[in-house]
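Colleague: The structure file start17.tsv (TSV, C-alpha atoms and all ligand atoms) is provided below.
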chain	number	residue	atom	x	y	z
A	2	MET	CA	10.03	-209.08	-110.91
A	3	LYS	CA	8.38	-208.44	-107.52
A	4	LEU	CA	8.52	-210.87	-104.62
A	5	ALA	CA	7.04	-210.95	-101.11
A	6	MET	CA	10.16	-210.29	-99.04
A	7	ASN	CA	9.54	-211.45	-95.50
A	8	ASN	CA	12.93	-212.66	-94.43
A	9	ILE	CA	16.52	-212.64	-95.49
A	10	ASP	CA	16.50	-216.26	-96.69
A	11	THR	CA	13.74	-215.45	-99.19
A	12	ILE	CA	15.63	-212.37	-100.31
A	13	ILE	CA	18.97	-214.09	-100.76
A	14	ASP	CA	17.40	-216.83	-102.90
A	15	SER	CA	15.97	-214.20	-105.24
A	16	LEU	CA	19.23	-212.35	-105.95
A	17	PRO	CA	21.13	-212.57	-109.24
A	18	LYS	CA	24.35	-214.57	-109.31
A	19	THR	CA	27.26	-212.16	-109.06
A	20	LYS	CA	31.04	-212.37	-109.17
A	21	GLY	CA	31.32	-210.54	-105.86
A	22	ASN	CA	30.43	-212.04	-102.50
A	23	ILE	CA	26.85	-212.13	-101.22
A	24	GLN	CA	26.65	-213.33	-97.63
A	25	ILE	CA	24.62	-213.00	-94.45
A	26	LEU	CA	26.63	-211.17	-91.78
A	27	PRO	CA	26.09	-209.69	-88.32
A	28	LEU	CA	25.85	-206.01	-89.29
A	29	SER	CA	27.17	-205.06	-85.85
A	30	LYS	CA	30.59	-205.98	-87.23
A	31	LEU	CA	30.31	-203.37	-89.99
A	32	CYS	CA	29.25	-200.39	-87.90
A	33	TRP	CA	31.05	-198.19	-85.42
A	34	PHE	CA	28.29	-198.61	-82.82
A	35	ARG	CA	28.85	-202.38	-82.89
A	36	VAL	CA	25.11	-203.07	-82.60
A	37	GLY	CA	22.46	-204.41	-84.95
A	38	GLY	CA	21.08	-207.68	-86.30
A	39	ASN	CA	21.99	-209.66	-89.39
A	40	GLY	CA	21.74	-208.63	-92.99
A	41	ILE	CA	22.66	-209.63	-96.52
A	42	VAL	CA	25.88	-207.98	-97.60
A	43	PHE	CA	26.90	-207.74	-101.26
A	44	SER	CA	30.49	-206.72	-102.12
A	45	PRO	CA	30.55	-206.19	-105.90
A	46	SER	CA	33.83	-207.18	-107.53
A	47	ASP	CA	33.74	-204.18	-109.90
A	48	GLU	CA	31.41	-201.72	-111.62
A	49	ASN	CA	30.10	-204.28	-114.12
A	50	ASP	CA	29.19	-206.61	-111.28
A	51	LEU	CA	27.36	-203.84	-109.44
A	52	GLU	CA	25.53	-202.80	-112.61
A	53	TYR	CA	24.49	-206.41	-113.30
A	54	PHE	CA	23.21	-206.83	-109.75
A	55	LEU	CA	21.19	-203.60	-109.81
A	56	LYS	CA	19.65	-204.38	-113.21
A	57	ASN	CA	18.70	-207.95	-112.29
A	58	LYS	CA	17.60	-207.84	-108.65
A	59	PRO	CA	13.86	-207.97	-107.89
A	60	SER	CA	12.64	-204.38	-108.05
A	61	ASN	CA	11.16	-204.28	-104.55
A	62	ILE	CA	14.31	-205.28	-102.69
A	63	LYS	CA	15.60	-202.42	-100.56
A	64	ILE	CA	19.26	-201.54	-100.82
A	65	TYR	CA	21.55	-199.55	-98.55
A	66	PRO	CA	25.04	-198.56	-99.67
A	67	MET	CA	27.22	-198.72	-96.58
A	68	GLY	CA	30.70	-197.35	-96.18
A	69	LEU	CA	32.45	-197.77	-92.85
A	70	GLY	CA	29.21	-197.50	-90.89
A	71	SER	CA	30.42	-194.52	-88.87
A	72	ASN	CA	27.12	-192.69	-89.26
A	73	THR	CA	24.75	-195.65	-89.33
A	74	LEU	CA	22.69	-197.34	-86.61
A	75	VAL	CA	21.40	-200.77	-87.63
A	76	ARG	CA	18.38	-201.89	-85.63
A	77	ASP	CA	18.43	-205.13	-83.62
A	78	GLY	CA	16.08	-207.00	-85.98
A	79	GLY	CA	18.60	-206.66	-88.83
A	80	TYR	CA	18.19	-205.23	-92.31
A	81	ASP	CA	15.51	-206.67	-94.59
A	82	GLY	CA	17.18	-205.73	-97.83
A	83	VAL	CA	20.71	-205.81	-99.22
A	84	ILE	CA	23.64	-203.84	-97.84
A	85	ILE	CA	26.07	-202.92	-100.64
A	86	ARG	CA	29.69	-202.48	-99.57
A	87	LEU	CA	32.26	-201.11	-101.98
A	88	ASN	CA	35.37	-202.45	-100.27
A	89	ASN	CA	36.74	-203.55	-103.67
A	90	PHE	CA	36.45	-200.02	-105.07
A	91	ASN	CA	39.78	-198.77	-103.85
A	92	LYS	CA	41.82	-197.57	-106.83
A	93	THR	CA	43.44	-194.13	-106.69
A	94	CYS	CA	45.05	-191.84	-109.26
A	95	VAL	CA	46.93	-188.61	-108.60
A	96	LYS	CA	47.54	-186.00	-111.31
A	97	ASP	CA	48.96	-182.61	-110.30
A	98	THR	CA	46.60	-181.48	-107.52
A	99	THR	CA	43.73	-183.74	-108.59
A	100	ILE	CA	42.93	-187.03	-106.85
A	101	SER	CA	40.56	-189.61	-108.29
A	102	THR	CA	39.54	-192.38	-105.92
A	103	GLY	CA	37.27	-195.35	-105.58
A	104	ALA	CA	34.38	-194.71	-103.18
A	105	GLY	CA	35.49	-197.54	-100.89
A	106	ASN	CA	38.72	-195.87	-99.79
A	107	SER	CA	38.78	-194.47	-96.27
A	108	ASP	CA	38.88	-190.71	-95.82
A	109	LEU	CA	42.13	-191.08	-93.87
A	110	LYS	CA	43.82	-192.98	-96.71
A	111	ILE	CA	42.94	-190.20	-99.17
A	112	ALA	CA	44.05	-187.47	-96.75
A	113	LYS	CA	47.43	-189.23	-96.41
A	114	LEU	CA	47.69	-189.74	-100.17
A	115	ALA	CA	47.16	-185.99	-100.65
A	116	MET	CA	49.77	-185.21	-98.00
A	117	ASN	CA	52.35	-187.51	-99.57
A	118	ASN	CA	51.80	-185.75	-102.90
A	119	ASN	CA	52.08	-182.25	-101.40
A	120	ILE	CA	48.39	-181.52	-102.04
A	121	SER	CA	46.59	-179.43	-99.42
A	122	GLY	CA	42.85	-179.09	-98.81
A	123	PHE	CA	42.25	-182.71	-97.79
A	124	GLU	CA	43.47	-182.38	-94.18
A	125	PHE	CA	39.97	-182.27	-92.67
A	126	LEU	CA	39.24	-185.74	-94.08
A	127	SER	CA	41.95	-187.26	-91.86
A	128	GLY	CA	39.69	-186.99	-88.81
A	129	ILE	CA	36.48	-188.32	-90.36
A	130	PRO	CA	36.27	-192.07	-89.79
A	131	GLY	CA	34.23	-192.99	-92.86
A	132	CYS	CA	34.91	-193.72	-96.50
A	133	ILE	CA	34.72	-191.54	-99.60
A	134	GLY	CA	31.20	-192.67	-100.57
A	135	GLY	CA	29.92	-191.67	-97.12
A	136	ALA	CA	31.84	-188.39	-97.22
A	137	ILE	CA	30.19	-187.42	-100.52
A	138	VAL	CA	26.66	-188.32	-99.47
A	139	MET	CA	26.96	-186.68	-96.04
A	140	ASN	CA	29.03	-183.76	-97.36
A	141	ALA	CA	31.20	-184.65	-94.38
A	142	GLY	CA	33.13	-181.80	-92.88
A	143	ALA	CA	35.19	-180.60	-89.96
A	144	TYR	CA	37.34	-177.70	-88.86
A	145	GLY	CA	35.90	-175.26	-91.37
A	146	ASN	CA	36.09	-177.49	-94.46
A	147	GLU	CA	33.69	-179.89	-96.06
A	148	THR	CA	33.76	-182.41	-98.88
A	149	SER	CA	32.08	-180.05	-101.33
A	150	ASP	CA	35.10	-177.68	-101.06
A	151	ILE	CA	37.31	-180.15	-102.92
A	152	PHE	CA	34.67	-182.06	-104.89
A	153	VAL	CA	34.87	-181.97	-108.70
A	154	SER	CA	32.63	-184.85	-109.84
A	155	ALA	CA	31.51	-188.36	-108.90
A	156	GLN	CA	30.45	-191.48	-110.75
A	157	GLY	CA	27.89	-194.00	-109.67
A	158	PHE	CA	24.71	-195.88	-110.49
A	159	ASP	CA	21.11	-195.16	-109.67
A	160	TYR	CA	19.26	-198.02	-107.96
A	161	GLN	CA	18.06	-199.32	-111.36
A	162	GLY	CA	21.66	-199.72	-112.57
A	163	ASN	CA	21.91	-196.65	-114.83
A	164	LYS	CA	25.37	-195.13	-114.85
A	165	LEU	CA	25.69	-191.47	-113.84
A	166	THR	CA	28.36	-188.80	-113.64
A	167	LEU	CA	27.45	-185.90	-111.39
A	168	SER	CA	29.10	-182.49	-111.24
A	169	LYS	CA	29.38	-180.30	-108.16
A	170	GLU	CA	26.49	-178.12	-109.39
A	171	GLN	CA	24.25	-181.16	-109.85
A	172	MET	CA	25.06	-182.46	-106.35
A	173	ASN	CA	23.66	-179.26	-104.79
A	174	PHE	CA	25.68	-179.66	-101.61
A	175	SER	CA	24.75	-177.93	-98.37
A	176	TYR	CA	25.38	-178.66	-94.68
A	177	ARG	CA	25.58	-182.49	-94.40
A	178	HIS	CA	23.46	-182.77	-97.52
A	179	CYS	CA	23.58	-183.54	-101.22
A	180	ASP	CA	20.64	-184.11	-103.55
A	181	TYR	CA	21.69	-187.69	-104.35
A	182	ALA	CA	21.57	-189.41	-100.95
A	183	ASN	CA	19.39	-192.56	-100.99
A	184	ASN	CA	19.11	-192.84	-104.77
A	185	VAL	CA	22.67	-193.21	-106.10
A	186	ILE	CA	25.49	-195.60	-105.24
A	187	PHE	CA	28.70	-193.65	-105.69
A	188	THR	CA	31.58	-195.74	-107.01
A	189	SER	CA	34.31	-193.15	-107.51
A	190	ALA	CA	35.00	-189.43	-107.27
A	191	THR	CA	37.48	-186.76	-108.32
A	192	PHE	CA	38.68	-184.07	-105.95
A	193	GLN	CA	40.82	-181.01	-106.50
A	194	GLY	CA	43.24	-179.62	-103.91
A	195	LYS	CA	45.97	-177.00	-103.97
A	196	ILE	CA	49.75	-177.18	-104.04
A	197	GLY	CA	50.92	-177.58	-100.45
A	198	LYS	CA	53.92	-178.66	-98.41
A	199	LYS	CA	53.98	-182.12	-96.88
A	200	GLU	CA	55.37	-180.88	-93.53
A	201	GLU	CA	52.68	-178.21	-93.16
A	202	ILE	CA	49.91	-180.61	-94.19
A	203	ASN	CA	51.20	-183.17	-91.70
A	204	LYS	CA	51.26	-180.54	-88.93
A	205	LYS	CA	47.67	-179.54	-89.65
A	206	MET	CA	46.54	-183.17	-89.62
A	207	GLN	CA	48.24	-183.72	-86.28
A	208	GLU	CA	46.56	-180.62	-84.83
A	209	ILE	CA	43.18	-181.93	-86.02
A	210	ASN	CA	43.91	-185.29	-84.44
A	211	ILE	CA	44.80	-183.73	-81.06
A	212	SER	CA	41.81	-181.41	-81.09
A	213	ARG	CA	39.48	-184.29	-81.95
A	214	THR	CA	40.89	-186.55	-79.23
A	215	ASN	CA	40.29	-183.77	-76.70
A	216	SER	CA	36.75	-182.95	-77.78
A	217	GLN	CA	35.12	-186.17	-79.03
A	218	PRO	CA	34.84	-189.75	-77.73
A	219	ILE	CA	36.63	-191.08	-80.81
A	220	LYS	CA	37.81	-194.26	-79.12
A	221	SER	CA	34.23	-195.22	-78.16
A	222	ARG	CA	31.61	-197.22	-80.00
A	223	THR	CA	29.69	-194.27	-81.39
A	224	GLY	CA	28.08	-192.95	-84.55
A	225	GLY	CA	29.45	-189.41	-84.63
A	226	SER	CA	27.05	-186.48	-84.39
A	227	THR	CA	23.63	-187.86	-83.56
A	228	PHE	CA	21.67	-184.79	-84.65
A	229	ARG	CA	22.22	-182.12	-87.27
A	230	ASN	CA	22.89	-178.69	-85.79
A	231	PRO	CA	19.62	-176.72	-86.10
A	232	ASP	CA	19.96	-173.25	-87.69
A	233	ASN	CA	21.67	-170.90	-85.20
A	234	TYR	CA	22.17	-173.60	-82.56
A	235	LYS	CA	24.57	-176.38	-81.69
A	236	ALA	CA	22.87	-179.70	-80.99
A	237	TRP	CA	25.28	-180.55	-78.15
A	238	GLU	CA	24.55	-177.28	-76.34
A	239	LEU	CA	20.80	-177.91	-76.50
A	240	ILE	CA	21.20	-181.43	-75.10
A	241	ASP	CA	23.46	-180.07	-72.38
A	242	GLN	CA	20.94	-177.35	-71.52
A	243	VAL	CA	18.25	-179.97	-70.81
A	244	ASN	CA	20.68	-181.76	-68.48
A	245	LEU	CA	21.10	-184.97	-70.43
A	246	ARG	CA	24.91	-185.05	-70.45
A	247	GLY	CA	25.91	-188.55	-69.32
A	248	LYS	CA	22.29	-189.86	-69.31
A	249	VAL	CA	22.09	-193.67	-69.55
A	250	ILE	CA	19.42	-196.01	-70.94
A	251	GLY	CA	20.36	-199.70	-70.75
A	252	GLY	CA	23.88	-199.95	-72.17
A	253	ALA	CA	23.67	-196.64	-74.03
A	254	GLN	CA	24.97	-193.30	-72.79
A	255	ILE	CA	24.98	-189.69	-73.93
A	256	SER	CA	28.70	-188.93	-74.00
A	257	GLU	CA	30.02	-187.01	-71.01
A	258	GLN	CA	32.65	-185.55	-73.34
A	259	HIS	CA	30.38	-184.45	-76.21
A	260	CYS	CA	26.61	-184.36	-75.70
A	261	ASN	CA	25.77	-184.89	-79.37
A	262	PHE	CA	27.46	-188.31	-79.35
A	263	LEU	CA	25.68	-191.49	-78.25
A	264	ILE	CA	27.90	-194.24	-76.90
A	265	ASN	CA	27.53	-197.99	-76.68
A	266	GLN	CA	29.06	-198.67	-73.27
A	267	GLY	CA	29.54	-202.31	-74.25
A	268	SER	CA	26.17	-203.99	-73.79
A	269	ALA	CA	23.87	-201.52	-75.56
A	270	THR	CA	21.24	-202.69	-77.98
A	271	SER	CA	20.37	-200.60	-80.97
A	272	TYR	CA	17.02	-200.00	-79.25
A	273	ASP	CA	18.77	-198.53	-76.17
A	274	LEU	CA	20.69	-196.11	-78.37
A	275	GLU	CA	17.66	-195.08	-80.40
A	276	GLN	CA	15.51	-194.60	-77.27
A	277	LEU	CA	18.20	-192.40	-75.75
A	278	GLY	CA	18.38	-190.33	-78.92
A	279	GLU	CA	14.59	-190.00	-78.98
A	280	LEU	CA	14.63	-188.94	-75.31
A	281	ALA	CA	17.10	-186.15	-76.15
A	282	LYS	CA	15.05	-185.08	-79.16
A	283	ASN	CA	11.75	-185.04	-77.22
A	284	THR	CA	13.23	-183.28	-74.19
A	285	VAL	CA	14.83	-180.54	-76.28
A	286	LYS	CA	11.51	-180.06	-78.09
A	287	SER	CA	9.39	-179.95	-74.92
A	288	GLU	CA	11.75	-177.79	-72.84
A	289	LEU	CA	13.28	-175.50	-75.49
A	290	GLY	CA	10.79	-175.73	-78.36
A	291	ILE	CA	13.56	-176.62	-80.85
A	292	ASP	CA	13.43	-179.55	-83.29
A	293	LEU	CA	16.43	-181.85	-83.47
A	294	ASN	CA	16.72	-183.98	-86.62
A	295	TRP	CA	18.68	-187.21	-86.71
A	296	GLU	CA	21.94	-187.03	-88.68
A	297	ILE	CA	22.67	-190.70	-87.96
A	298	LYS	CA	20.98	-193.00	-90.47
A	299	ARG	CA	18.79	-195.57	-88.71
A	300	ILE	CA	18.08	-198.65	-90.79
A	301	GLY	CA	16.44	-202.04	-90.41
A	302	LYS	CA	13.75	-203.59	-88.24
A	303	TYR	CA	13.11	-203.54	-84.51
A	304	GLU	CA	13.60	-206.89	-82.84
B	401	LIG	C1	34.02	-190.70	-83.87
B	401	LIG	C2	33.30	-190.10	-85.03
B	401	LIG	C3	33.58	-188.80	-85.43
B	401	LIG	C4	32.93	-188.23	-86.52
B	401	LIG	N1	33.24	-186.96	-86.88
B	401	LIG	C5	32.65	-186.41	-87.97
B	401	LIG	C6	32.99	-185.09	-88.40
B	401	LIG	O1	33.83	-184.42	-87.83
B	401	LIG	N2	32.37	-184.59	-89.49
B	401	LIG	C7	31.43	-185.30	-90.18
B	401	LIG	O2	30.90	-184.80	-91.18
B	401	LIG	N3	31.08	-186.55	-89.79
B	401	LIG	C8	31.66	-187.11	-88.71
B	401	LIG	N4	31.31	-188.37	-88.31
B	401	LIG	C9	30.22	-189.07	-89.03
B	401	LIG	C10	30.70	-189.97	-90.19
B	401	LIG	O3	32.05	-190.36	-90.01
B	401	LIG	C11	30.56	-189.26	-91.54
B	401	LIG	O4	29.22	-188.94	-91.81
B	401	LIG	C12	31.08	-190.14	-92.67
B	401	LIG	O5	31.16	-189.38	-93.86
B	401	LIG	C13	30.24	-191.37	-92.90
B	401	LIG	O6	30.95	-192.22	-93.76
B	401	LIG	P1	30.71	-193.80	-93.74
B	401	LIG	O7	31.45	-194.37	-94.86
B	401	LIG	O8	31.04	-194.37	-92.41
B	401	LIG	O9	29.15	-193.82	-93.99
B	401	LIG	P2	28.03	-194.83	-93.50
B	401	LIG	O10	27.73	-194.64	-92.05
B	401	LIG	O11	28.37	-196.19	-93.93
B	401	LIG	O12	26.80	-194.27	-94.34
B	401	LIG	C14	26.35	-192.93	-94.14
B	401	LIG	C15	25.47	-192.52	-95.33
B	401	LIG	O13	26.28	-192.54	-96.51
B	401	LIG	C16	25.69	-193.41	-97.47
B	401	LIG	N5	26.77	-194.02	-98.25
B	401	LIG	C17	27.92	-194.59	-97.82
B	401	LIG	N6	28.67	-194.99	-98.86
B	401	LIG	C18	27.97	-194.69	-99.98
B	401	LIG	C19	28.19	-194.84	-101.39
B	401	LIG	N7	29.30	-195.41	-101.86
B	401	LIG	N8	27.25	-194.41	-102.25
B	401	LIG	C20	26.11	-193.84	-101.80
B	401	LIG	N9	25.83	-193.68	-100.48
B	401	LIG	C21	26.75	-194.07	-99.59
B	401	LIG	C22	24.88	-194.41	-96.67
B	401	LIG	O14	23.88	-195.02	-97.47
B	401	LIG	C23	24.33	-193.49	-95.60
B	401	LIG	O15	23.24	-192.76	-96.10
B	401	LIG	C24	31.95	-188.97	-87.23
B	401	LIG	C25	31.68	-190.29	-86.84
B	401	LIG	C26	32.34	-190.86	-85.77
B	401	LIG	C27	32.03	-192.26	-85.37
Starting from the file, give its structure as structure tokens.
Ligand SMILES: Cc1cc2nc3c(=O)[nH]c(=O)nc-3n(C[C@H](O)[C@H](O)[C@H](O)COP(=O)(O)OP(=O)(O)OC[C@H]3O[C@@H](n4cnc5c(N)ncnc54)[C@H](O)[C@@H]3O)c2cc1C
Modeller:
Amino acid sequence: MKLAMNNIDTIIDSLPKTKGNIQILPLSKLCWFRVGGNGIVFSPSDENDLEYFLKNKPSNIKIYPMGLGSNTLVRDGGYDGVIIRLNNFNKTCVKDTTISTGAGNSDLKIAKLAMNNNISGFEFLSGIPGCIGGAIVMNAGAYGNETSDIFVSAQGFDYQGNKLTLSKEQMNFSYRHCDYANNVIFTSATFQGKIGKKEEINKKMQEINISRTNSQPIKSRTGGSTFRNPDNYKAWELIDQVNLRGKVIGGAQISEQHCNFLINQGSATSYDLEQLGELAKNTVKSELGIDLNWEIKRIGKYE
């Protein structure tokens, strides 16, 4: 079935009846930037519910799986599709040094679960403020480790509702990339760590926490790294070189602490933040001849 989808009321009326909640919400509440218009949010109750929804929704409705919104900028006009949130997908299972987890669990929760079971290799996840689904898709990483290092396999559905299991080889991970972003909704994953000692794991996690607090504006309304690091460069150094540290547009600022972070100072619109990012991108291109590519996912309509 195809429908003309002009507004969210038309879309919501066309959706299949599900066990999980479907509601219209201010998306600003679901994202770290705390900006953005309204959207339809579907929280499937379980895998069957998600499968039913995907198989029975009109084919031209856009969907966006959202985790904790720590790498997402929703535009001020809201999202003209359906946001899928897996907050009910939070089971975990530990066996030896293997952890299986629902995609809705936060990275921090899984890092702590590993620590409490004397499993090392998950420490880097403790500082990444997203959830497991986002970590897989972004191949999130920090302090020399990334998600692909511990990844064994993941389960999910394609956007037509077909169930998939994907191995590490199939995912084809690279820097902040896997081959299945934007076409699979991951529901669970299995990771493999190594035997470790709780005290040492805890110490490492605390060191990461201190280092992060000193180098990133983690208490601010931000979206993490705005741009991918181009080959052989660091995005923050390029933005610093063109003298944009601290630059303000409206209520948005380039972080004084870390130039690759945009900050909502309190009154920013999504448009302010995007314009500021575009200014950095264009200035780096015109003055240094280097292309910056957005790492942050920008979704939805302009106001
Ligand atoms: C203060 C701060 C510090 C950060 N530091 C780091 C860092 O050190 N390293 C790093 O890599 N990142 C960092 N980030 C960025 C961000 O936390 C990561 O990219 C994180 O993995 C995103 O997870 P999320 O759940 O918030 O994803 P979202 O922002 O919700 O979504 C990001 C992408 O993942 C997709 N996605 C989310 N869940 C699913 C799912 N279940 N199935 C399919 N697709 C899904 C979305 O569609 C989107 O494409 C930081 C962000 C902030 C705000």
Colleague: Contacts of Thr19 in chain A at 8 Å or less, counting only C-alpha atoms, minus same-chain residues fewer than 4 places along, as a list in words?
Modeller: Ile23, Pro45, Asp50, Tyr53 and Phe54 of chain A
Colleague: Given all atoms listed in the file as the basis, pick out the residue of A:Ile250, A:Cys94, A:Leu293, A:Ala190 nearest to ligand LIG 401 (chain B).
Modeller: A:Ala190
Colleague: What lies within 9 Å of range 278-286 of chain A using all atoms listed in the file, ignoring chain neighbours under 4 positions off, as a PyMOL selection string?
Modeller: chain A and resi 227-228+239-240+242-243+245+255+263+273-274+290-295
Colleague: So which residues touch Tyr272 in chain A within 9 Å, counting all atoms listed in the file, skipping near sequence neighbours fewer than 4 positions away, as an NGL selection string?
Modeller: :A and (76-77 or 276-277 or 303-304)
Colleague: Given 6 Å of margin on each side, can you work out the centre and size in Å (one decimal) of an axis-aligned box holding every listed atom of ligand LIG 401 (chain B), as lines of an AutoDock Vina configuration file?
Modeller:
center_x = 28.6
center_y = -190.3
center_z = -93.1
size_x = 22.8
size_y = 23.8
size_z = 30.4
Colleague: I need the residue nearest Gly157 in chain A from this list: A:Ile100, A:Leu289, A:Ile300, A:Val138. Use only C-alpha atoms for the distance.
Modeller: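 Comparing A:Ile100, A:Leu289, A:Ile300, A:Val138 against Gly157 in chain A, the winner is A:Val138.
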Colleague: Sorted by chain and rising residue number, which residues of range 144-207 of chain A lie within 10 Å of range 130-136 of chain A, and what are their closest atom pairs and distances in Å to one decimal, counting only C-alpha atoms, as CSV?
Modeller:
residue,atom,partner,partner_atom,distance
A:Glu147,CA,A:Ala136,CA,8.8
A:Thr148,CA,A:Ala136,CA,6.5
A:Ser149,CA,A:Ala136,CA,9.3
A:Ala155,CA,A:Gly134,CA,9.4
A:Gly157,CA,A:Gly134,CA,9.8
A:Arg177,CA,A:Ala136,CA,9.1
A:Ala182,CA,A:Gly135,CA,9.5
A:Ile186,CA,A:Gly134,CA,7.9
A:Phe187,CA,A:Gly134,CA,5.8
A:Thr188,CA,A:Gly134,CA,7.1
A:Ser189,CA,A:Gly134,CA,7.6
A:Ala190,CA,A:Ile133,CA,8.0
Colleague: With all atoms listed in the file as the counted atoms, please give the residues lying no more than 9 Å from Gly252 in chain A, apart from itself and same-chain residues fewer than 3 positions off, as a list in words.
Modeller: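 After dropping sequence-adjacent residues, the list is Val249, Ile264, Asn265, Gln266, Gly267, Ser268, Ala269, Thr270, Asp273 and Leu274 of chain A.
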Colleague: Calculated over all atoms listed in the file, which of the candidates A:Val42, A:Leu87, A:Lys298, A:Lys195 has the smallest distance to Glu124 in chain A?
Modeller: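 Using all atoms listed in the file, Glu124 in chain A sits closest to A:Lys195.
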Colleague: Write out as a PyMOL selection string which residues come within 8 Å of range 25-32 of chain A when counting only C-alpha atoms, dropping same-chain ones fewer than 6 positions away.
Modeller: chain A and resi 38-42+69-71+73-75+79
Colleague: Can you work out which one of A:Ser101, A:Thr223, A:Ser46, A:Asn61 has the shortest atom-to-atom distance to Ser15 in chain A, counting only C-alpha atoms?
Modeller: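 Closest to Ser15 in chain A of all the choices is A:Asn61.
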Colleague: Which is closer to ligand LIG 401 (chain B) than all the others in A:Asn244, A:Asn183, A:Thr191, A:Asn57, using only C-alpha atoms and all ligand atoms?
Modeller: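 Using only C-alpha atoms and all ligand atoms, ligand LIG 401 (chain B) sits closest to A:Asn183.
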Colleague: Please write as a list in words the list of polymer residues whose atoms come within 7 Å of (30.1, -199.4, -97.8), counting only C-alpha atoms and keeping to the coordinates of the file.
Modeller: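 In the file's frame, the residues around the point are Pro66, Met67, Gly68, Leu69, Ile85, Arg86, Leu87, Asn88 and Gly105 of chain A.
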Colleague: Between A:Leu167, A:Ala253, A:Ala236, A:Ala112, which one has atoms that come closest to Lys205 in chain A, using all atoms listed in the file?
Modeller: A:Ala112
Colleague: Expressed in Å to a single decimal, how great is the separation between CA of Lys56 in chain A and CA of Ile297 in chain A?
Modeller: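 According to the coordinates, CA of Lys56 in chain A and CA of Ile297 in chain A are separated by 28.9 Å.
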Colleague: Calculate how many Å separate CA of Ala141 in chain A from CA of Asp81 in chain A, rounding to one decimal.
Modeller: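 A separation of 27.0 Å between them.
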Colleague: Would you mind reading off the distance between CA of Pro17 in chain A and CA of Gly162 in chain A, one decimal, in Å?
Modeller: 13.3 Å
